[in-house]
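Reviewing the structure listed below.
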Amino acid sequence: MRDTHHPHTALPLAPGVGYKPQHYTALMHDPGTVRWLEIHAENYMGGGGRPLAQLRALSERFALSVHGVGLSIGGESPLDTAHLARLAYLTSWLNPASFSEHLAWSTHDGAFFNDLLPLPYTATTLARVCRHIDQVQTALGRQMLLENPSSYLAFVESDWSEPEFLCEITRRTGCGLLLDVNNVFVSATNLGFSPEAYIAAFPLDAVGEVHLGGHAPDVDDHGAPLLIDAHGCPVADPVWTLLATTLAQMGPRPVLIEWDNDVPDWPLLAA
Amino acid sequence: MTQTIRKTDANHTLDLAAEISQSTFLAALLQPDLAPPEGLIDGQNRPAGRRFSVYRNNVIASLIDAMEVGFPSVFKLLGAENFRPLARLFVAEHPPHSPLLMHYGTAFPSFLAKIDALSRFPYLPDMAHLDLAIRQSYHSPDAPPFDPQDLEGNPLESLRFSFAPATKILASPQPIFSIFQHLFNAAPRPNPGPEALLITRAEFDPIPHSLPPGGHSFISGIMQGHTLGIAYENTLTTTPDFDPTPLLSLLMTSGALCAEEGLP
């Protein structure tokens with residue numbers, strides 16, 4: 001596999017995994033086919049100690065994707081500038097191949113709720129999200145990728161579809177996208193749309209990274225299937241199929257899979 | 001004013017869409033007895049119902065999990081069946097004010113102290129303090145190591161020491177060190193009585209050390225910038241038989257100290 005890069009990412013077109021500290025020793029001893037790792041930004045914002053020592057060592061062996069979960073880009077509140085400064089510090093000393101965040105909100109009135117909460121897709125929220133992304137890209141001095149959420153409900157007030165909304169964000173801000181194929185499948189099941197139609201409408205050219213994860217089945221009040229984005233479950237077969245369809249349309253991309261799950265053969269990525 | 005173009009052809013009779021502010025969303029999220037805000041729907045324009053609870057559960061459960069990881073001593077003392085309902089009350093009353101959950105829960109000791117039902121366990125707040133101190137030590141900045149050769153040629157009583165940021169001291173009217181050893185290192189059940197401890201981090205793992213009577217006073221004196229001589233004399237006023245020798249040896253060999261230039 002050659003180390004060519006897509007314009008929206010400097011990550012290798014090779015398998016990557018979400019880094020877990022308990023795997024540090026095994027990973028440094030024998031990384032197998034793993035060429036890059038994704039870390040959660042907020043776990044490496046302490047003053048020092050083991051987390052930062054491990055991260056420095058990992059950065060010498062692997063390409064890194066820094067994935068933020070705390071910026072609250074979809075929030076009504078202004079971005080937390082102290083948090084943005086911490087991110088800028090992390091990305092400046094680590095110089096990761098990629099930085100990504102979520103189309104969601106988690107902070108309101110100074111309180112942080114540790115979840116990716118949904119937002120409606122309207123002219124108002126579009127302008128707000130674009131303003132926040134501009135602010136992030138300016139503060140970090142780099143392009144960021146924005147990840148599509150997993151949805152359990154929709155807003156009556158939304159007047160954009162999610163792919164249209166994301167497409168317009170990339171057009172206005174120049175950001176790239178992180179396409180979570182499991183999230184597409186979860187949202188499609190939960191809200192009754194076709195995942196293939198979603199992918200067909202998605203601005204695939206802007207995708208710099210792909211996520212794959214597991215989900216857990218539940219039901220709603222009417223007995224309809226309600227899939228929960230639960231990290232730690234194996235990737236479901238239809239999600240692998242959707243990944244194959246997607247990669248066939250857009251070409252190879254860096255794909256992140258959960259370490260705990262069975263890693264299938266990797267011909268998908270070489271396509 | 002929200003546009004509602006696509007809603008007018010819906011089969012259902014939901015009213016024209018109102019904007020759901022994030023304050024409204026959160027208010028409903030944090031009060032399980034409140035119905036989800038109107039204007040949240042499933043894929044068929046029906047009210048979202050328990051779909052909203054997925055977010056509710058994620059928020060509460062993830063913060064309770066963070067508390068469980070962050071307060072291992074309190075968790076072990078109370079057991080999951082008592083700890084989790086208590087943590088649920090705490091996270092509703094004191095949500096985090098930063099995405100850095102490694103620092104979450106500084107209000108937990110005083111929260112525990114105010115709960116009447118826990119007054120029979122007076123050591124709980126200070127065990128929460130200990131959990132916090134160990135966590136703060138774990139994430140503290142690294143510091144250049146102390147080199148005893150830097151002290152050569154100076155009289156002992158005139159020395160001042162610099163402490164690594166990861167070094168913490170705690171004192172309590174409760175036997176906090178013995179409780180910790182009982183919980184995590186199979187030590188015998190503790191006897192009542194005051195105890196103090198020193199936390200050091202030689203490399204990456206914080207370690208609590210028991211402090212003798214006067215030890216807390218002596219170390220906090222040095223931490224305040226006093227010379228060893230002054231800190232020793234001050235300690236003698238409350239602990240006349242205080243012997244600093246073993247403590248100085250502990251400080252110099254446990255990673256508690258750092259080189260002078262390690263100070264900010």
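Going through the structure tokens in order, the chains are called A, B, and so on, while each chain numbers its residues from 1 and the ligands are numbered from 1 in the order shown.
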*Please report as a PyMOL selection string which residues of chain A come no farther than 9 Å from chain B, using only C-alpha atoms.*
chain A and resi 42-43+45-52+69-71+75-76+83+106-120+122-124+152-159+190-193+219-221+226+228
*asked:* Taking the DSSP secondary structure from the backbone, can you list the residues of stretch 56-88 of chain A that are helix (DSSP H, G or I), as a PyMOL selection string?
replied: chain A and resi 56-61+81-88
For the residues in that selection, give me all heavy atoms as a compact mmCIF listing (two decimals), in the first residue's frame.
# COMPACT_ATOMS: atom_id res chain seq x y z
N ARG A 56 3.85 11.39 23.59
CA ARG A 56 5.11 11.77 22.92
C ARG A 56 5.76 10.56 22.27
O ARG A 56 6.23 10.63 21.13
CB ARG A 56 6.08 12.39 23.94
CG ARG A 56 5.80 13.87 24.23
CD ARG A 56 6.95 14.50 25.02
NE ARG A 56 7.06 13.94 26.36
CZ ARG A 56 6.42 14.40 27.43
NH1 ARG A 56 5.63 15.46 27.31
NH2 ARG A 56 6.56 13.83 28.60
N ALA A 57 5.76 9.42 22.98
CA ALA A 57 6.38 8.21 22.43
C ALA A 57 5.60 7.70 21.22
O ALA A 57 6.18 7.30 20.21
CB ALA A 57 6.48 7.13 23.51
N LEU A 58 4.27 7.72 21.33
CA LEU A 58 3.44 7.25 20.21
C LEU A 58 3.66 8.11 18.97
O LEU A 58 3.67 7.61 17.85
CB LEU A 58 1.96 7.28 20.60
CG LEU A 58 1.51 6.27 21.65
CD1 LEU A 58 0.09 6.61 22.12
CD2 LEU A 58 1.55 4.85 21.11
N SER A 59 3.83 9.42 19.19
CA SER A 59 3.93 10.33 18.05
C SER A 59 5.21 10.08 17.25
O SER A 59 5.32 10.49 16.11
CB SER A 59 3.85 11.78 18.52
OG SER A 59 5.05 12.16 19.18
N GLU A 60 6.18 9.42 17.87
CA GLU A 60 7.41 9.10 17.14
C GLU A 60 7.25 7.85 16.27
O GLU A 60 8.05 7.60 15.38
CB GLU A 60 8.57 8.92 18.12
CG GLU A 60 8.98 10.23 18.77
CD GLU A 60 9.90 10.06 19.97
OE1 GLU A 60 10.37 8.92 20.19
OE2 GLU A 60 10.11 11.05 20.69
N ARG A 61 6.22 7.06 16.56
CA ARG A 61 6.04 5.80 15.82
C ARG A 61 4.86 5.84 14.86
O ARG A 61 4.85 5.11 13.86
CB ARG A 61 5.77 4.66 16.82
CG ARG A 61 6.92 4.26 17.68
CD ARG A 61 7.85 3.28 16.98
NE ARG A 61 7.23 2.01 16.62
CZ ARG A 61 7.19 0.95 17.43
NH1 ARG A 61 7.72 1.01 18.63
NH2 ARG A 61 6.62 -0.16 17.01
N THR A 81 -12.92 29.87 24.84
CA THR A 81 -11.62 30.25 24.27
C THR A 81 -10.46 29.62 25.04
O THR A 81 -9.40 29.37 24.47
CB THR A 81 -11.44 31.79 24.25
OG1 THR A 81 -11.75 32.29 25.55
CG2 THR A 81 -12.38 32.42 23.23
N ALA A 82 -10.66 29.35 26.33
CA ALA A 82 -9.60 28.67 27.09
C ALA A 82 -9.40 27.26 26.54
O ALA A 82 -8.27 26.78 26.37
CB ALA A 82 -9.95 28.62 28.57
N HIS A 83 -10.52 26.61 26.21
CA HIS A 83 -10.41 25.26 25.67
C HIS A 83 -9.79 25.28 24.26
O HIS A 83 -8.97 24.42 23.92
CB HIS A 83 -11.78 24.57 25.64
CG HIS A 83 -11.68 23.10 25.41
ND1 HIS A 83 -10.99 22.26 26.26
CD2 HIS A 83 -12.13 22.32 24.40
CE1 HIS A 83 -11.04 21.03 25.79
NE2 HIS A 83 -11.72 21.03 24.67
N LEU A 84 -10.17 26.27 23.50
CA LEU A 84 -9.60 26.41 22.16
C LEU A 84 -8.09 26.65 22.25
O LEU A 84 -7.32 26.10 21.44
CB LEU A 84 -10.30 27.58 21.45
CG LEU A 84 -10.10 27.70 19.95
CD1 LEU A 84 -10.41 26.41 19.22
CD2 LEU A 84 -10.98 28.83 19.40
N ALA A 85 -7.67 27.42 23.25
CA ALA A 85 -6.24 27.66 23.43
C ALA A 85 -5.52 26.37 23.81
O ALA A 85 -4.40 26.10 23.34
CB ALA A 85 -6.02 28.73 24.50
N ARG A 86 -6.16 25.53 24.64
CA ARG A 86 -5.55 24.24 24.99
C ARG A 86 -5.39 23.37 23.75
O ARG A 86 -4.39 22.67 23.57
CB ARG A 86 -6.41 23.52 26.04
CG ARG A 86 -6.32 24.10 27.44
CD ARG A 86 -7.00 23.19 28.46
NE ARG A 86 -8.45 23.18 28.35
CZ ARG A 86 -9.28 23.93 29.09
NH1 ARG A 86 -8.80 24.73 30.02
NH2 ARG A 86 -10.58 23.85 28.92
N LEU A 87 -6.41 23.39 22.89
CA LEU A 87 -6.35 22.61 21.65
C LEU A 87 -5.24 23.11 20.74
O LEU A 87 -4.51 22.32 20.14
CB LEU A 87 -7.67 22.73 20.89
CG LEU A 87 -8.70 21.65 21.06
CD1 LEU A 87 -9.91 21.98 20.21
CD2 LEU A 87 -8.14 20.29 20.66
N ALA A 88 -5.14 24.44 20.66
CA ALA A 88 -4.10 25.03 19.81
C ALA A 88 -2.72 24.63 20.33
O ALA A 88 -1.81 24.33 19.55
CB ALA A 88 -4.25 26.55 19.76
*Quick one: residues within 9 Å of stretch 145-149 of chain A, only C-alpha atoms counted, chain neighbours fewer than 4 positions away excluded, as a ChimeraX atom specification?*
/A:8-9,98-104,116-118,133,162-163,166,170,175-181,183-184,187,206-209,211
Quick one: write out the picked residues with N, CA, C and O atoms as a compact mmCIF listing (two decimals), in the first residue's frame?
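Everything below was put into again-v8.txt:
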# COMPACT_ATOMS: atom_id res chain seq x y z
N HIS A 8 -7.64 16.17 1.92
CA HIS A 8 -8.23 16.59 3.20
C HIS A 8 -7.59 15.90 4.40
O HIS A 8 -8.09 16.03 5.50
N THR A 9 -6.53 15.17 4.20
CA THR A 9 -5.90 14.54 5.36
C THR A 9 -4.46 14.22 5.07
O THR A 9 -4.08 14.01 3.93
N SER A 98 -4.08 15.07 11.58
CA SER A 98 -5.46 15.47 11.39
C SER A 98 -6.05 15.94 12.72
O SER A 98 -5.69 15.44 13.79
N PHE A 99 -6.98 16.91 12.64
CA PHE A 99 -7.78 17.28 13.81
C PHE A 99 -9.24 17.25 13.41
O PHE A 99 -9.63 17.79 12.37
N SER A 100 -10.06 16.62 14.25
CA SER A 100 -11.49 16.54 13.93
C SER A 100 -12.33 16.83 15.17
O SER A 100 -11.88 16.65 16.31
N GLU A 101 -13.56 17.25 14.92
CA GLU A 101 -14.55 17.50 15.98
C GLU A 101 -15.93 17.11 15.45
O GLU A 101 -16.03 16.56 14.36
N HIS A 102 -16.96 17.38 16.24
CA HIS A 102 -18.30 16.87 15.93
C HIS A 102 -19.31 17.96 15.59
O HIS A 102 -19.25 19.06 16.13
N LEU A 103 -20.25 17.59 14.74
CA LEU A 103 -21.43 18.43 14.51
C LEU A 103 -22.40 18.14 15.65
O LEU A 103 -23.26 17.26 15.55
N ALA A 104 -22.21 18.84 16.76
CA ALA A 104 -22.98 18.57 17.98
C ALA A 104 -22.65 19.67 18.98
O ALA A 104 -21.81 20.52 18.71
N LEU A 116 -22.69 14.17 22.95
CA LEU A 116 -22.80 14.89 21.69
C LEU A 116 -24.28 15.14 21.45
O LEU A 116 -25.01 14.24 21.00
N LEU A 117 -24.74 16.32 21.81
CA LEU A 117 -26.17 16.63 21.75
C LEU A 117 -26.53 17.19 20.37
O LEU A 117 -25.70 17.82 19.71
N PRO A 118 -27.77 16.93 19.94
CA PRO A 118 -28.13 17.24 18.54
C PRO A 118 -28.54 18.69 18.35
O PRO A 118 -28.98 19.36 19.28
N ILE A 133 -16.50 27.11 13.28
CA ILE A 133 -15.46 26.39 12.54
C ILE A 133 -14.39 27.37 12.05
O ILE A 133 -13.19 27.09 12.13
N GLU A 162 -29.22 16.58 6.48
CA GLU A 162 -27.88 16.58 7.07
C GLU A 162 -26.77 16.63 6.01
O GLU A 162 -25.83 17.43 6.15
N PRO A 163 -26.85 15.83 4.93
CA PRO A 163 -25.78 15.94 3.92
C PRO A 163 -25.71 17.33 3.28
O PRO A 163 -24.61 17.86 3.06
N LEU A 166 -24.05 19.66 5.84
CA LEU A 166 -22.60 19.45 5.92
C LEU A 166 -21.91 19.97 4.66
O LEU A 166 -20.81 20.53 4.73
N THR A 170 -18.91 22.83 4.43
CA THR A 170 -17.58 22.69 3.80
C THR A 170 -17.38 23.79 2.77
O THR A 170 -16.28 24.31 2.61
N CYS A 175 -13.67 23.54 5.58
CA CYS A 175 -13.30 22.39 6.42
C CYS A 175 -13.53 21.10 5.66
O CYS A 175 -14.25 21.07 4.65
N GLY A 176 -12.90 20.03 6.12
CA GLY A 176 -13.16 18.71 5.57
C GLY A 176 -14.18 18.00 6.45
O GLY A 176 -14.68 18.55 7.44
N LEU A 177 -14.48 16.76 6.10
CA LEU A 177 -15.47 16.00 6.87
C LEU A 177 -14.88 14.67 7.33
O LEU A 177 -14.03 14.09 6.67
N LEU A 178 -15.36 14.24 8.49
CA LEU A 178 -15.06 12.90 8.98
C LEU A 178 -16.38 12.14 8.83
O LEU A 178 -17.37 12.48 9.49
N LEU A 179 -16.39 11.16 7.96
CA LEU A 179 -17.62 10.42 7.69
C LEU A 179 -17.66 9.18 8.58
O LEU A 179 -16.86 8.26 8.42
N ASP A 180 -18.59 9.18 9.56
CA ASP A 180 -18.77 8.01 10.40
C ASP A 180 -19.87 7.16 9.78
O ASP A 180 -21.06 7.51 9.83
N VAL A 181 -19.45 6.03 9.18
CA VAL A 181 -20.39 5.19 8.44
C VAL A 181 -21.38 4.52 9.38
O VAL A 181 -22.56 4.34 9.04
N ASN A 183 -22.49 5.90 12.13
CA ASN A 183 -23.47 6.94 12.46
C ASN A 183 -24.51 7.09 11.36
O ASN A 183 -25.69 7.31 11.64
N VAL A 184 -24.06 7.00 10.10
CA VAL A 184 -25.02 7.09 8.99
C VAL A 184 -26.03 5.96 9.11
O VAL A 184 -27.25 6.17 9.00
N SER A 187 -28.37 6.55 12.20
CA SER A 187 -29.35 7.62 11.96
C SER A 187 -30.38 7.20 10.93
O SER A 187 -31.57 7.50 11.07
N ALA A 206 -14.98 15.82 0.19
CA ALA A 206 -14.46 16.54 1.36
C ALA A 206 -14.06 15.59 2.49
O ALA A 206 -13.54 16.04 3.53
N VAL A 207 -14.29 14.29 2.31
CA VAL A 207 -14.04 13.35 3.41
C VAL A 207 -12.55 13.07 3.54
O VAL A 207 -11.91 12.62 2.60
N GLY A 208 -12.01 13.35 4.73
CA GLY A 208 -10.60 13.10 4.99
C GLY A 208 -10.35 11.91 5.88
O GLY A 208 -9.22 11.47 6.07
N GLU A 209 -11.40 11.38 6.49
CA GLU A 209 -11.25 10.24 7.39
C GLU A 209 -12.61 9.57 7.53
O GLU A 209 -13.65 10.23 7.42
N HIS A 211 -14.86 6.82 10.01
CA HIS A 211 -14.98 6.09 11.27
C HIS A 211 -15.90 4.89 11.10
O HIS A 211 -16.92 4.97 10.42
_All residues 12 Å or closer to A:Thr25, only C-alpha atoms, same chain fewer than 4 positions away omitted, as a PyMOL selection string_ = chain A and resi 19-21+29-31+54+57-58
_Of the listed residues B:Ser110, B:Thr200, B:Thr235, B:Asn191, that which approaches B:Ile219 most closely, counting only C-alpha atoms_ =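 Smallest separation from B:Ile219 among the options: B:Thr235.
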_Picked from stretch 69-219 of chain A by DSSP as strand (DSSP E or B), as a PyMOL selection string_ = chain A and resi 98-102+105-108+111-117+145-147+154-155+176-180+207-211+215-219
Please produce an output containing N, CA and C atoms for each residue in the selection, written as a compact mmCIF listing (two decimals), in the first residue's frame.
# COMPACT_ATOMS: atom_id res chain seq x y z
N SER A 98 -4.08 15.07 11.58
CA SER A 98 -5.46 15.47 11.39
C SER A 98 -6.05 15.94 12.72
N PHE A 99 -6.98 16.91 12.64
CA PHE A 99 -7.78 17.28 13.81
C PHE A 99 -9.24 17.25 13.41
N SER A 100 -10.06 16.62 14.25
CA SER A 100 -11.49 16.54 13.93
C SER A 100 -12.33 16.83 15.17
N GLU A 101 -13.56 17.25 14.92
CA GLU A 101 -14.55 17.50 15.98
C GLU A 101 -15.93 17.11 15.45
N HIS A 102 -16.96 17.38 16.24
CA HIS A 102 -18.30 16.87 15.93
C HIS A 102 -19.31 17.96 15.59
N TRP A 105 -23.33 19.62 20.12
CA TRP A 105 -22.99 20.55 21.20
C TRP A 105 -22.94 19.79 22.51
N SER A 106 -22.16 20.31 23.45
CA SER A 106 -21.99 19.62 24.73
C SER A 106 -21.87 20.60 25.89
N THR A 107 -21.71 21.87 25.57
CA THR A 107 -21.52 22.87 26.62
C THR A 107 -22.61 23.92 26.51
N HIS A 108 -23.16 24.32 27.66
CA HIS A 108 -24.14 25.40 27.65
C HIS A 108 -24.00 26.18 28.95
N ALA A 111 -21.50 25.03 31.49
CA ALA A 111 -21.54 23.66 32.01
C ALA A 111 -21.32 22.68 30.86
N PHE A 112 -20.56 21.62 31.13
CA PHE A 112 -20.19 20.63 30.11
C PHE A 112 -20.95 19.33 30.38
N PHE A 113 -21.64 18.81 29.38
CA PHE A 113 -22.53 17.67 29.61
C PHE A 113 -22.02 16.35 29.04
N ASN A 114 -20.79 16.33 28.53
CA ASN A 114 -20.11 15.09 28.18
C ASN A 114 -20.91 14.19 27.25
N ASP A 115 -21.67 14.77 26.34
CA ASP A 115 -22.36 13.97 25.33
C ASP A 115 -22.43 14.82 24.07
N LEU A 116 -22.69 14.17 22.95
CA LEU A 116 -22.80 14.89 21.69
C LEU A 116 -24.28 15.14 21.45
N LEU A 117 -24.74 16.32 21.81
CA LEU A 117 -26.17 16.63 21.75
C LEU A 117 -26.53 17.19 20.37
N LEU A 145 -11.60 18.60 10.37
CA LEU A 145 -12.65 17.74 9.83
C LEU A 145 -13.83 17.76 10.79
N LEU A 146 -15.04 17.76 10.25
CA LEU A 146 -16.26 17.77 11.06
C LEU A 146 -16.97 16.43 10.87
N GLU A 147 -17.36 15.79 12.00
CA GLU A 147 -17.95 14.46 11.94
C GLU A 147 -19.48 14.52 11.98
N ALA A 154 -35.26 13.83 15.45
CA ALA A 154 -35.08 14.95 14.53
C ALA A 154 -35.81 16.16 15.08
N PHE A 155 -35.51 17.33 14.52
CA PHE A 155 -36.16 18.58 14.92
C PHE A 155 -37.17 18.98 13.85
N GLY A 176 -12.90 20.03 6.12
CA GLY A 176 -13.16 18.71 5.57
C GLY A 176 -14.18 18.00 6.45
N LEU A 177 -14.48 16.76 6.10
CA LEU A 177 -15.47 16.00 6.87
C LEU A 177 -14.88 14.67 7.33
N LEU A 178 -15.36 14.24 8.49
CA LEU A 178 -15.06 12.90 8.98
C LEU A 178 -16.38 12.14 8.83
N LEU A 179 -16.39 11.16 7.96
CA LEU A 179 -17.62 10.42 7.69
C LEU A 179 -17.66 9.18 8.58
N ASP A 180 -18.59 9.18 9.56
CA ASP A 180 -18.77 8.01 10.40
C ASP A 180 -19.87 7.16 9.78
N VAL A 207 -14.29 14.29 2.31
CA VAL A 207 -14.04 13.35 3.41
C VAL A 207 -12.55 13.07 3.54
N GLY A 208 -12.01 13.35 4.73
CA GLY A 208 -10.60 13.10 4.99
C GLY A 208 -10.35 11.91 5.88
N GLU A 209 -11.40 11.38 6.49
CA GLU A 209 -11.25 10.24 7.39
C GLU A 209 -12.61 9.57 7.53
N VAL A 210 -12.58 8.25 7.74
CA VAL A 210 -13.81 7.48 7.93
C VAL A 210 -13.75 6.79 9.30
N HIS A 211 -14.86 6.82 10.01
CA HIS A 211 -14.98 6.09 11.27
C HIS A 211 -15.90 4.89 11.10
N HIS A 215 -22.88 -0.63 17.17
CA HIS A 215 -24.08 -0.06 17.75
C HIS A 215 -24.87 -1.14 18.46
N ALA A 216 -25.71 -0.69 19.39
CA ALA A 216 -26.51 -1.65 20.16
C ALA A 216 -27.98 -1.45 19.82
N PRO A 217 -28.75 -2.54 19.67
CA PRO A 217 -30.16 -2.41 19.29
C PRO A 217 -31.06 -2.11 20.48
N ASP A 218 -32.07 -1.25 20.23
CA ASP A 218 -33.10 -0.97 21.22
C ASP A 218 -34.38 -0.72 20.41
N VAL A 219 -35.46 -0.34 21.07
CA VAL A 219 -36.69 0.01 20.34
C VAL A 219 -37.25 1.30 20.92
*Using atom CA of A:Gly174 and atom CA of A:Leu94 as the two end points, give the distance in Å to one decimal.*
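Between atom CA of A:Gly174 and atom CA of A:Leu94 the gap is 22.7 Å.
Within the 12 Å cut-off around B:Pro240, using only C-alpha atoms and omitting residues fewer than 6 positions from it on the same chain, the listed residues are Pro213, Gly214, Tyr232, Glu233 and Asn234 of chain B.
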